[in-house]
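This is target.pdb. It holds PDB, C-alpha atoms, pLDDT in the B column.
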ATOM      1  CA  THR A   1     -37.989 -45.993   2.866  1.00 59.00           C
ATOM      2  CA  THR A   2     -36.707 -43.044   0.874  1.00 60.00           C
ATOM      3  CA  THR A   3     -33.108 -41.976   1.286  1.00 60.00           C
ATOM      4  CA  THR A   4     -32.168 -38.402   0.437  1.00 60.00           C
ATOM      5  CA  THR A   5     -28.594 -37.682  -0.443  1.00 58.00           C
ATOM      6  CA  THR A   6     -27.318 -34.143  -0.152  1.00 57.00           C
ATOM      7  CA  THR A   7     -24.338 -33.239  -2.252  1.00 56.00           C
ATOM      8  CA  THR A   8     -22.181 -30.346  -1.112  1.00 55.00           C
ATOM      9  CA  THR A   9     -20.069 -28.676  -3.728  1.00 52.00           C
ATOM     10  CA  THR A  10     -16.930 -26.911  -2.583  1.00 51.00           C
ATOM     11  CA  THR A  11     -15.609 -24.215  -4.862  1.00 54.00           C
ATOM     12  CA  LEU A  12     -11.925 -23.437  -4.593  1.00 55.00           C
ATOM     13  CA  HIS A  13     -10.836 -19.906  -5.414  1.00 64.00           C
ATOM     14  CA  ALA A  14      -7.286 -19.067  -6.410  1.00 79.00           C
ATOM     15  CA  ILE A  15      -5.599 -16.650  -4.016  1.00 88.00           C
ATOM     16  CA  ARG A  16      -2.732 -14.783  -5.643  1.00 93.00           C
ATOM     17  CA  GLU A  17      -0.165 -12.267  -4.458  1.00 94.00           C
ATOM     18  CA  ALA A  18       1.044  -9.111  -6.169  1.00 95.00           C
ATOM     19  CA  THR A  19       3.617  -6.560  -5.029  1.00 96.00           C
ATOM     20  CA  PHE A  20       3.780  -2.863  -5.879  1.00 96.00           C
ATOM     21  CA  GLY A  21       5.879   0.173  -4.989  1.00 96.00           C
ATOM     22  CA  MET A  22       3.350   2.971  -4.489  1.00 94.00           C
ATOM     23  CA  GLY A  23       5.115   5.791  -2.666  1.00 92.00           C
ATOM     24  CA  CYS A  24       4.658   5.956   1.100  1.00 88.00           C
ATOM     25  CA  PHE A  25       2.937   2.649   1.769  1.00 86.00           C
ATOM     26  CA  TRP A  26       0.540   3.704   4.558  1.00 86.00           C
ATOM     27  CA  LYS A  27      -2.342   5.131   2.537  1.00 89.00           C
ATOM     28  CA  PRO A  28      -2.177   2.923  -0.608  1.00 90.00           C
ATOM     29  CA  SER A  29      -2.213  -0.228   1.513  1.00 91.00           C
ATOM     30  CA  GLU A  30      -5.497   0.908   3.041  1.00 90.00           C
ATOM     31  CA  SER A  31      -6.955   2.153  -0.252  1.00 91.00           C
ATOM     32  CA  LEU A  32      -6.401  -1.205  -1.965  1.00 94.00           C
ATOM     33  CA  LEU A  33      -8.442  -2.966   0.720  1.00 91.00           C
ATOM     34  CA  LYS A  34     -11.511  -1.174  -0.642  1.00 92.00           C
ATOM     35  CA  ILE A  35     -11.139  -2.898  -4.032  1.00 94.00           C
ATOM     36  CA  PRO A  36     -13.482  -5.900  -4.517  1.00 96.00           C
ATOM     37  CA  GLY A  37     -11.439  -9.067  -4.620  1.00 96.00           C
ATOM     38  CA  VAL A  38      -8.575  -7.749  -2.500  1.00 95.00           C
ATOM     39  CA  LEU A  39      -8.378  -9.864   0.644  1.00 95.00           C
ATOM     40  CA  ASN A  40      -5.433  -8.395   2.522  1.00 90.00           C
ATOM     41  CA  THR A  41      -2.461  -6.073   2.238  1.00 92.00           C
ATOM     42  CA  VAL A  42       0.916  -6.126   3.970  1.00 92.00           C
ATOM     43  CA  VAL A  43       3.438  -3.297   3.807  1.00 91.00           C
ATOM     44  CA  GLY A  44       7.134  -3.966   3.477  1.00 91.00           C
ATOM     45  CA  TYR A  45      10.301  -3.494   1.476  1.00 91.00           C
ATOM     46  CA  ALA A  46      10.987  -4.920  -1.979  1.00 91.00           C
ATOM     47  CA  GLY A  47      13.469  -4.594  -4.784  1.00 86.00           C
ATOM     48  CA  GLY A  48      16.606  -4.570  -2.668  1.00 78.00           C
ATOM     49  CA  SER A  49      17.997  -7.565  -4.485  1.00 60.00           C
ATOM     50  CA  LEU A  50      18.351  -5.453  -7.624  1.00 55.00           C
ATOM     51  CA  GLY A  51      18.760  -1.805  -6.642  1.00 55.00           C
ATOM     52  CA  GLY A  52      21.444   0.122  -4.841  1.00 55.00           C
ATOM     53  CA  ASN A  53      25.168   0.694  -5.028  1.00 57.00           C
ATOM     54  CA  VAL A  54      26.006  -1.455  -2.015  1.00 53.00           C
ATOM     55  CA  LYS A  55      24.764  -4.951  -1.274  1.00 57.00           C
ATOM     56  CA  PRO A  56      21.676  -4.290   0.891  1.00 56.00           C
ATOM     57  CA  LEU A  57      21.196  -5.594   4.377  1.00 55.00           C
ATOM     58  CA  GLN A  58      18.763  -8.499   4.733  1.00 66.00           C
ATOM     59  CA  PRO A  59      16.319  -8.071   6.275  1.00 78.00           C
ATOM     60  CA  PRO A  60      16.291  -4.278   6.101  1.00 85.00           C
ATOM     61  CA  SER A  61      14.979  -1.981   8.804  1.00 85.00           C
ATOM     62  CA  TYR A  62      13.019   1.185   8.069  1.00 87.00           C
ATOM     63  CA  GLU A  63      16.205   3.144   8.775  1.00 88.00           C
ATOM     64  CA  ASP A  64      18.098   1.046   6.212  1.00 86.00           C
ATOM     65  CA  VAL A  65      15.435   1.857   3.630  1.00 87.00           C
ATOM     66  CA  CYS A  66      15.455   5.589   4.380  1.00 87.00           C
ATOM     67  CA  ASP A  67      19.243   5.906   4.493  1.00 86.00           C
ATOM     68  CA  GLY A  68      20.003   3.644   1.517  1.00 82.00           C
ATOM     69  CA  ASP A  69      19.152   3.558  -2.164  1.00 84.00           C
ATOM     70  CA  ALA A  70      18.221  -0.097  -2.576  1.00 85.00           C
ATOM     71  CA  TRP A  71      14.787  -0.829  -1.130  1.00 92.00           C
ATOM     72  CA  VAL A  72      11.343   0.391  -2.155  1.00 93.00           C
ATOM     73  CA  GLU A  73       8.435   0.906   0.239  1.00 92.00           C
ATOM     74  CA  SER A  74       5.984  -1.651  -1.128  1.00 94.00           C
ATOM     75  CA  VAL A  75       2.562  -3.204  -0.655  1.00 95.00           C
ATOM     76  CA  MET A  76       1.997  -6.942  -1.047  1.00 94.00           C
ATOM     77  CA  VAL A  77      -1.600  -7.669  -2.006  1.00 95.00           C
ATOM     78  CA  ALA A  78      -3.476 -10.941  -1.562  1.00 94.00           C
ATOM     79  CA  TYR A  79      -6.335 -11.061  -4.050  1.00 96.00           C
ATOM     80  CA  GLU A  80      -8.952 -13.504  -5.295  1.00 96.00           C
ATOM     81  CA  GLU A  81      -8.372 -14.155  -8.974  1.00 93.00           C
ATOM     82  CA  GLU A  82     -11.989 -15.167  -9.587  1.00 94.00           C
ATOM     83  CA  ILE A  83     -13.064 -11.636  -8.628  1.00 96.00           C
ATOM     84  CA  ILE A  84     -10.252  -9.413  -9.869  1.00 96.00           C
ATOM     85  CA  SER A  85      -7.616 -10.209 -12.462  1.00 96.00           C
ATOM     86  CA  TYR A  86      -3.991  -9.142 -12.241  1.00 97.00           C
ATOM     87  CA  GLU A  87      -4.511  -6.595 -15.025  1.00 96.00           C
ATOM     88  CA  GLU A  88      -7.521  -5.137 -13.205  1.00 97.00           C
ATOM     89  CA  LEU A  89      -5.441  -4.950 -10.035  1.00 97.00           C
ATOM     90  CA  LEU A  90      -2.840  -2.997 -12.009  1.00 97.00           C
ATOM     91  CA  ASP A  91      -5.547  -0.461 -12.843  1.00 96.00           C
ATOM     92  CA  SER A  92      -6.265  -0.068  -9.127  1.00 95.00           C
ATOM     93  CA  PHE A  93      -2.536   0.188  -8.343  1.00 96.00           C
ATOM     94  CA  TRP A  94      -2.296   2.990 -10.873  1.00 95.00           C
ATOM     95  CA  GLU A  95      -5.199   4.941  -9.417  1.00 94.00           C
ATOM     96  CA  VAL A  96      -4.310   4.821  -5.711  1.00 93.00           C
ATOM     97  CA  GLN A  97      -0.503   5.006  -5.718  1.00 94.00           C
ATOM     98  CA  GLU A  98       1.264   8.107  -4.423  1.00 91.00           C
ATOM     99  CA  PRO A  99       4.804   8.127  -5.864  1.00 93.00           C
ATOM    100  CA  ARG A 100       7.012  11.096  -5.067  1.00 87.00           C
ATOM    101  CA  ASP A 101       8.943  13.243  -7.498  1.00 78.00           C
ATOM    102  CA  GLY A 102      12.711  13.103  -7.404  1.00 73.00           C
ATOM    103  CA  GLY A 103      15.321  10.403  -7.400  1.00 74.00           C
ATOM    104  CA  GLU A 104      14.418   8.595  -4.172  1.00 85.00           C
ATOM    105  CA  ARG A 105      14.002   4.951  -5.113  1.00 91.00           C
ATOM    106  CA  GLN A 106      12.204   4.371  -1.800  1.00 93.00           C
ATOM    107  CA  TYR A 107       9.073   6.213  -2.953  1.00 93.00           C
ATOM    108  CA  GLN A 108       9.013   5.474  -6.680  1.00 94.00           C
ATOM    109  CA  SER A 109       6.319   3.616  -8.613  1.00 96.00           C
ATOM    110  CA  PHE A 110       7.158  -0.039  -9.204  1.00 96.00           C
ATOM    111  CA  ILE A 111       5.465  -3.203 -10.372  1.00 97.00           C
ATOM    112  CA  PHE A 112       7.253  -6.245  -8.950  1.00 96.00           C
ATOM    113  CA  PRO A 113       5.957  -9.286 -10.889  1.00 95.00           C
ATOM    114  CA  ALA A 114       6.018 -12.504  -8.888  1.00 93.00           C
ATOM    115  CA  ASP A 115       6.491 -14.786 -11.904  1.00 93.00           C
ATOM    116  CA  GLU A 116       6.671 -14.895 -15.682  1.00 93.00           C
ATOM    117  CA  VAL A 117       2.887 -14.740 -16.040  1.00 94.00           C
ATOM    118  CA  GLN A 118       2.659 -11.544 -14.003  1.00 96.00           C
ATOM    119  CA  LEU A 119       5.669 -10.146 -15.857  1.00 96.00           C
ATOM    120  CA  GLU A 120       3.938 -10.675 -19.196  1.00 96.00           C
ATOM    121  CA  GLY A 121       0.739  -9.095 -17.888  1.00 97.00           C
ATOM    122  CA  ALA A 122       2.583  -6.103 -16.401  1.00 97.00           C
ATOM    123  CA  GLU A 123       4.560  -5.477 -19.593  1.00 97.00           C
ATOM    124  CA  ARG A 124       1.398  -5.677 -21.683  1.00 97.00           C
ATOM    125  CA  TRP A 125      -0.475  -3.334 -19.329  1.00 97.00           C
ATOM    126  CA  LEU A 126       2.341  -0.772 -19.300  1.00 97.00           C
ATOM    127  CA  ARG A 127       2.878  -0.993 -23.057  1.00 97.00           C
ATOM    128  CA  ASP A 128      -0.800  -0.382 -23.778  1.00 97.00           C
ATOM    129  CA  ALA A 129      -0.997   2.449 -21.240  1.00 97.00           C
ATOM    130  CA  THR A 130       2.118   4.084 -22.665  1.00 96.00           C
ATOM    131  CA  MET A 131       0.874   3.866 -26.251  1.00 96.00           C
ATOM    132  CA  ALA A 132      -2.415   5.438 -25.152  1.00 96.00           C
ATOM    133  CA  GLY A 133      -0.567   8.240 -23.342  1.00 94.00           C
ATOM    134  CA  ARG A 134      -2.453   7.344 -20.201  1.00 94.00           C
ATOM    135  CA  ARG A 135      -2.701   9.926 -17.448  1.00 94.00           C
ATOM    136  CA  ARG A 136      -4.500   9.678 -14.145  1.00 92.00           C
ATOM    137  CA  VAL A 137      -7.718  11.667 -14.197  1.00 87.00           C
ATOM    138  CA  SER A 138      -7.384  12.953 -10.638  1.00 88.00           C
ATOM    139  CA  ASP A 139      -4.040  14.742 -11.078  1.00 91.00           C
ATOM    140  CA  GLY A 140      -2.700  14.135 -14.585  1.00 93.00           C
ATOM    141  CA  LEU A 141       0.051  11.789 -13.410  1.00 93.00           C
ATOM    142  CA  SER A 142       1.742  10.185 -16.421  1.00 95.00           C
ATOM    143  CA  VAL A 143       2.097   6.424 -16.665  1.00 95.00           C
ATOM    144  CA  SER A 144       5.732   7.060 -17.547  1.00 94.00           C
ATOM    145  CA  VAL A 145       6.507   7.088 -13.789  1.00 94.00           C
ATOM    146  CA  VAL A 146       5.801   3.349 -13.560  1.00 96.00           C
ATOM    147  CA  ASN A 147       8.754   0.940 -13.509  1.00 95.00           C
ATOM    148  CA  ILE A 148       8.741  -2.848 -13.836  1.00 96.00           C
ATOM    149  CA  GLU A 149      11.403  -4.749 -11.948  1.00 93.00           C
ATOM    150  CA  TYR A 150      11.770  -8.505 -12.210  1.00 92.00           C
ATOM    151  CA  ASN A 151      14.592 -10.866 -11.345  1.00 80.00           C
ATOM    152  CA  ALA A 152      14.131 -14.428 -12.523  1.00 74.00           C
ATOM    153  CA  ASN A 153      17.359 -15.439 -10.779  1.00 67.00           C
ATOM    154  CA  ASN A 154      16.132 -14.768  -7.257  1.00 58.00           C
ATOM    155  CA  SER A 155      16.425 -17.846  -5.065  1.00 40.00           C
ATOM    156  CA  LYS A 156      13.476 -19.244  -3.129  1.00 38.00           C
ATOM    157  CA  LYS A 157      13.101 -18.029   0.418  1.00 39.00           C
ATOM    158  CA  ASN A 158      14.390 -20.027   3.328  1.00 32.00           C
ATOM    159  CA  SER A 159      11.401 -21.885   4.781  1.00 30.00           C
ATOM    160  CA  SER A 160      12.472 -20.827   8.294  1.00 35.00           C
ATOM    161  CA  ASP A 161      12.398 -17.135   7.373  1.00 42.00           C
ATOM    162  CA  THR A 162       8.942 -15.885   8.380  1.00 39.00           C
ATOM    163  CA  THR A 163       9.706 -12.215   7.676  1.00 49.00           C
ATOM    164  CA  SER A 164      10.110 -12.499   3.920  1.00 51.00           C
ATOM    165  CA  SER A 165       8.140 -13.716   0.933  1.00 54.00           C
ATOM    166  CA  GLN A 166      10.192 -14.905  -2.008  1.00 51.00           C
ATOM    167  CA  ASN A 167       8.479 -15.532  -5.306  1.00 57.00           C
ATOM    168  CA  ASP A 168      10.399 -16.072  -8.535  1.00 58.00           C
ATOM    169  CA  GLY A 169      10.784 -12.400  -9.333  1.00 66.00           C
ATOM    170  CA  VAL A 170      10.586 -10.347  -6.125  1.00 80.00           C
ATOM    171  CA  LEU A 171      12.086 -10.447  -2.651  1.00 84.00           C
ATOM    172  CA  PHE A 172       9.733  -8.846  -0.121  1.00 88.00           C
ATOM    173  CA  TYR A 173      10.392  -8.219   3.557  1.00 90.00           C
ATOM    174  CA  ARG A 174       7.504  -7.412   5.879  1.00 88.00           C
ATOM    175  CA  ALA A 175       7.916  -3.995   7.490  1.00 86.00           C
ATOM    176  CA  GLU A 176       7.905  -3.401  11.220  1.00 78.00           C
ATOM    177  CA  GLU A 177       4.572  -3.936  12.966  1.00 73.00           C
ATOM    178  CA  TYR A 178       3.962  -0.243  13.652  1.00 77.00           C
ATOM    179  CA  HIS A 179       3.732   0.277   9.885  1.00 66.00           C
ATOM    180  CA  GLN A 180       1.019  -2.374   9.426  1.00 75.00           C
ATOM    181  CA  GLU A 181      -2.548  -0.967   9.201  1.00 64.00           C
ATOM    182  CA  PHE A 182      -1.062   2.378  10.183  1.00 48.00           C
ATOM    183  CA  TRP A 183      -4.003   4.692   9.552  1.00 52.00           C
ATOM    184  CA  GLN A 184      -6.595   2.147  10.675  1.00 55.00           C
ATOM    185  CA  THR A 185      -4.758   2.093  14.005  1.00 56.00           C
ATOM    186  CA  TRP A 186      -3.925   5.767  14.411  1.00 48.00           C
ATOM    187  CA  ARG A 187      -7.003   7.507  12.992  1.00 52.00           C
ATOM    188  CA  PRO A 188      -9.203   6.748  16.046  1.00 50.00           C
ATOM    189  CA  ARG A 189      -6.386   7.809  18.374  1.00 50.00           C
ATOM    190  CA  VAL A 190      -5.935  11.094  16.511  1.00 55.00           C
ATOM    191  CA  ALA A 191      -9.676  11.723  16.624  1.00 49.00           C
ATOM    192  CA  ILE A 192      -9.753  11.179  20.390  1.00 52.00           C
ATOM    193  CA  ALA A 193      -6.734  13.437  20.903  1.00 52.00           C
ATOM    194  CA  VAL A 194      -8.272  16.180  18.775  1.00 53.00           C
ATOM    195  CA  PHE A 195     -11.556  15.892  20.646  1.00 51.00           C
ATOM    196  CA  LEU A 196      -9.821  16.210  24.030  1.00 53.00           C
ATOM    197  CA  LEU A 197      -7.778  19.156  22.778  1.00 53.00           C
ATOM    198  CA  SER A 198     -10.740  20.975  21.279  1.00 53.00           C
ATOM    199  CA  THR A 199     -12.779  20.622  24.460  1.00 54.00           C
ATOM    200  CA  SER A 200      -9.940  21.736  26.743  1.00 57.00           C
ATOM    201  CA  VAL A 201      -8.901  24.961  25.004  1.00 53.00           C
ATOM    202  CA  ASP A 202     -10.100  27.940  27.048  1.00 53.00           C
ATOM    203  CA  LEU A 203     -10.608  30.974  24.820  1.00 49.00           C
ATOM    204  CA  SER A 204     -11.967  33.079  27.653  1.00 49.00           C
ATOM    205  CA  ILE A 205      -8.394  34.272  28.251  1.00 48.00           C
ATOM    206  CA  VAL A 206      -8.670  36.318  25.037  1.00 49.00           C
ATOM    207  CA  ASN A 207     -12.151  37.546  25.928  1.00 53.00           C
ATOM    208  CA  ALA A 208     -13.821  35.359  23.311  1.00 54.00           C
ATOM    209  CA  SER A 209     -17.571  35.062  23.593  1.00 56.00           C
ATOM    210  CA  VAL A 210     -19.163  31.801  24.648  1.00 56.00           C
ATOM    211  CA  GLU A 211     -20.664  31.463  21.174  1.00 63.00           C
ATOM    212  CA  PHE A 212     -17.258  31.857  19.529  1.00 58.00           C
ATOM    213  CA  GLN A 213     -15.673  29.343  21.896  1.00 53.00           C
ATOM    214  CA  GLU A 214     -18.292  26.748  21.023  1.00 61.00           C
ATOM    215  CA  LEU A 215     -17.913  27.470  17.310  1.00 62.00           C
ATOM    216  CA  PHE A 216     -14.131  27.146  17.572  1.00 58.00           C
ATOM    217  CA  LYS A 217     -14.330  23.815  19.334  1.00 59.00           C
ATOM    218  CA  SER A 218     -16.879  22.278  16.980  1.00 61.00           C
ATOM    219  CA  SER A 219     -15.126  23.581  13.848  1.00 60.00           C
ATOM    220  CA  THR A 220     -11.696  22.396  15.001  1.00 58.00           C
ATOM    221  CA  LEU A 221     -13.029  18.958  15.791  1.00 55.00           C
ATOM    222  CA  THR A 222     -14.861  18.645  12.480  1.00 59.00           C
ATOM    223  CA  LEU A 223     -11.976  19.817  10.309  1.00 54.00           C
ATOM    224  CA  LEU A 224      -9.187  17.871  11.983  1.00 55.00           C
ATOM    225  CA  VAL A 225     -11.111  14.624  12.293  1.00 51.00           C
ATOM    226  CA  ALA A 226     -12.259  14.925   8.677  1.00 53.00           C
ATOM    227  CA  GLY A 227      -8.637  15.465   7.687  1.00 52.00           C
ATOM    228  CA  GLY A 228      -7.652  12.293   9.502  1.00 51.00           C
ATOM    229  CA  VAL A 229     -10.469  10.308   7.916  1.00 46.00           C
ATOM    230  CA  PHE A 230      -9.706  11.315   4.338  1.00 45.00           C
ATOM    231  CA  TYR A 231      -5.909  11.219   4.505  1.00 47.00           C
TER     232      TYR A 231
END
Would you write out, as structure tokens, the structure that this file holds?
Amino acid sequence: TTTTTTTTTTTLHAIREATFGMGCFWKPSESLLKIPGVLNTVVGYAGGSLGGNVKPLQPPSYEDVCDGDAWVESVMVAYEEEIISYEELLDSFWEVQEPRDGGERQYQSFIFPADEVQLEGAERWLRDATMAGRRRVSDGLSVSVVNIEYNANNSKKNSSDTTSSQNDGVLFYRAEEYHQEFWQTWRPRVAIAVFLLSTSVDLSIVNASVEFQELFKSSTLTLLVAGGVFY
């Protein structure tokens, strides 16, 4: 009698988290999901433990963020370290972020390292990019807009608090549910609304020809849906 033994090898992959301020968080959170190795993104508010003139509310609401000067709209990224390194993720952060000009902390570009290892990697990445005078190819954005914010004195999160994630260096609060997967949720709804609108407009009241009416409807649908897809 021959006995065959099958050995199953289980490979464990390290799942890490990284947090970035990238301007309005809707689009960057979706863009990062297209990067190989990125498993999930969550939008929220970070940096309030360091910024602002008044002690920030915890947890903040979207209104608190908009009306105050403490919190930053941020994206927390879960990524697989075997596929993409933290430094490579920083390259992706740099390419897809959309920080706004002006003094609004809410929409500025931030790297929020979770620990000393990420802090070292972020400082090295920014130092090298600064020395190289790095600018984004798509629009010439200077790397000088990027800030690093780290607080080694932050306390660990309360285990009963399911709305926040507290690593060594960053306090992150998950944003309201209507902000999560915003464009993935709303793009199909916008497309349907545009379709219904384009097919209900009656141009005969301005004596438009049938051919022009059809052209108007098809062109409106194509342009507006395409705008929703690429935003």
> Taking into account only C-alpha atoms, which residue in the set A:Phe93, A:Tyr86, A:Tyr62, A:Tyr107 is nearest to Cys24 (chain A)?
Replying inline: A:Tyr107
>> Every residue with an atom at most 7 Å from (2.4, -15.5, -9.5) (file coordinates; only C-alpha atoms) is what I'm after, so could you write them as a ChimeraX atom specification?
In response: /A:16-17,114-115,117-118
>> Please report the interatomic distance between CA of Val143 (chain A) and CA of Thr130 (chain A) in Å with one decimal.
In response: 6.4 Å
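You will find CA of Glu123 (chain A) at 27.7 Å from CA of Gly68 (chain A).
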>> So the first atom is CA of Pro113 (chain A) and the second is CA of Lys27 (chain A); what is the distance between them in Å, to one decimal place?
In response: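 Here the two named atoms are 21.4 Å from each other.
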May I have the centre and edge lengths, in Å to one decimal, of an axis-aligned box around the listed atoms of region 32-46 of chain A with 3 Å added to every side, as JSON?
{"center_x": -1.2, "center_y": -5.5, "center_z": -0.3, "size_x": 30.5, "size_y": 14.7, "size_z": 14.6}
>> Taking only C-alpha atoms into account, name the residue in A:Met131, A:Val42, A:Ile83, A:Leu119 that is nearest to Asn151 (chain A).
In response: A:Leu119
>> Can you spell out as a list in words the set of residues that the PyMOL selection byres ((chain A and resi 43) around 7) selects in the structure I just provided?
In response: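 Selected by the PyMOL selection byres ((chain A and resi 43) around 7) here: Phe25, Ser29, Thr41, Val42, Gly44, Ser74, Val75, Met76, Arg174, Ala175 and Gln180 of chain A.
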> the PyMOL selection byres ((chain A and resi 105) around 12) on the file shown: which residues, as a VMD selection string?
Replying inline: chain A and resid 21 to 24 45 to 48 50 to 53 65 to 74 99 to 104 106 to 110 145 to 147
>> From the options A:Arg136, A:Trp125, A:Leu33, A:Asp64, which residue's atoms come nearest to Glu87 (chain A), counting only C-alpha atoms?
In response: A:Trp125
>> Could you list, as an NGL selection string, every residue matched by the PyMOL selection byres ((chain A and resi 38) around 10) in this structure?
In response: :A and (15-17 or 32-37 or 39-41 or 77-81 or 83-84 or 89)
> So, counting all atoms listed in the file, which residue among A:Gly140, A:Phe112, A:Asp91, A:Glu149 is closest to Asp128 (chain A)?
Replying inline: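 For Asp128 (chain A), the nearest of the candidates is A:Asp91.
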Rebuild N, CA and C atoms on region 116-136 of chain A, as a JSON list (two decimals), keeping the file's coordinate frame?
[["chain", "number", "residue", "atom", "x", "y", "z"],
["A", 116, "GLU", "N", 6.67, -15.24, -14.26],
["A", 116, "GLU", "CA", 6.67, -14.90, -15.68],
["A", 116, "GLU", "C", 5.29, -14.49, -16.18],
["A", 117, "VAL", "N", 4.26, -15.08, -15.63],
["A", 117, "VAL", "CA", 2.89, -14.74, -16.04],
["A", 117, "VAL", "C", 2.57, -13.30, -15.67],
["A", 118, "GLN", "N", 2.89, -12.92, -14.42],
["A", 118, "GLN", "CA", 2.66, -11.54, -14.00],
["A", 118, "GLN", "C", 3.55, -10.58, -14.78],
["A", 119, "LEU", "N", 4.76, -10.99, -15.07],
["A", 119, "LEU", "CA", 5.67, -10.15, -15.86],
["A", 119, "LEU", "C", 5.07, -9.84, -17.22],
["A", 120, "GLU", "N", 4.55, -10.87, -17.88],
["A", 120, "GLU", "CA", 3.94, -10.68, -19.20],
["A", 120, "GLU", "C", 2.74, -9.75, -19.09],
["A", 121, "GLY", "N", 1.91, -9.95, -18.06],
["A", 121, "GLY", "CA", 0.74, -9.10, -17.89],
["A", 121, "GLY", "C", 1.11, -7.66, -17.58],
["A", 122, "ALA", "N", 2.15, -7.45, -16.75],
["A", 122, "ALA", "CA", 2.58, -6.10, -16.40],
["A", 122, "ALA", "C", 3.16, -5.38, -17.62],
["A", 123, "GLU", "N", 3.96, -6.09, -18.41],
["A", 123, "GLU", "CA", 4.56, -5.48, -19.59],
["A", 123, "GLU", "C", 3.49, -5.11, -20.61],
["A", 124, "ARG", "N", 2.49, -5.97, -20.76],
["A", 124, "ARG", "CA", 1.40, -5.68, -21.68],
["A", 124, "ARG", "C", 0.59, -4.47, -21.20],
["A", 125, "TRP", "N", 0.29, -4.44, -19.91],
["A", 125, "TRP", "CA", -0.48, -3.33, -19.33],
["A", 125, "TRP", "C", 0.26, -2.02, -19.51],
["A", 126, "LEU", "N", 1.57, -2.00, -19.20],
["A", 126, "LEU", "CA", 2.34, -0.77, -19.30],
["A", 126, "LEU", "C", 2.53, -0.35, -20.75],
["A", 127, "ARG", "N", 2.72, -1.32, -21.64],
["A", 127, "ARG", "CA", 2.88, -0.99, -23.06],
["A", 127, "ARG", "C", 1.61, -0.35, -23.61],
["A", 128, "ASP", "N", 0.47, -0.93, -23.29],
["A", 128, "ASP", "CA", -0.80, -0.38, -23.78],
["A", 128, "ASP", "C", -1.06, 1.00, -23.19],
["A", 129, "ALA", "N", -0.77, 1.16, -21.90],
["A", 129, "ALA", "CA", -1.00, 2.45, -21.24],
["A", 129, "ALA", "C", -0.07, 3.52, -21.81],
["A", 130, "THR", "N", 1.16, 3.13, -22.11],
["A", 130, "THR", "CA", 2.12, 4.08, -22.66],
["A", 130, "THR", "C", 1.71, 4.51, -24.06],
["A", 131, "MET", "N", 1.30, 3.55, -24.88],
["A", 131, "MET", "CA", 0.87, 3.87, -26.25],
["A", 131, "MET", "C", -0.36, 4.77, -26.25],
["A", 132, "ALA", "N", -1.21, 4.61, -25.24],
["A", 132, "ALA", "CA", -2.42, 5.44, -25.15],
["A", 132, "ALA", "C", -2.13, 6.78, -24.49],
["A", 133, "GLY", "N", -0.90, 6.99, -24.02],
["A", 133, "GLY", "CA", -0.57, 8.24, -23.34],
["A", 133, "GLY", "C", -1.38, 8.42, -22.07],
["A", 134, "ARG", "N", -1.55, 7.34, -21.35],
["A", 134, "ARG", "CA", -2.45, 7.34, -20.20],
["A", 134, "ARG", "C", -1.98, 8.29, -19.10],
["A", 135, "ARG", "N", -2.93, 9.06, -18.60],
["A", 135, "ARG", "CA", -2.70, 9.93, -17.45],
["A", 135, "ARG", "C", -3.83, 9.73, -16.44],
["A", 136, "ARG", "N", -3.49, 9.85, -15.17],
["A", 136, "ARG", "CA", -4.50, 9.68, -14.14],
["A", 136, "ARG", "C", -5.44, 10.88, -14.15]]
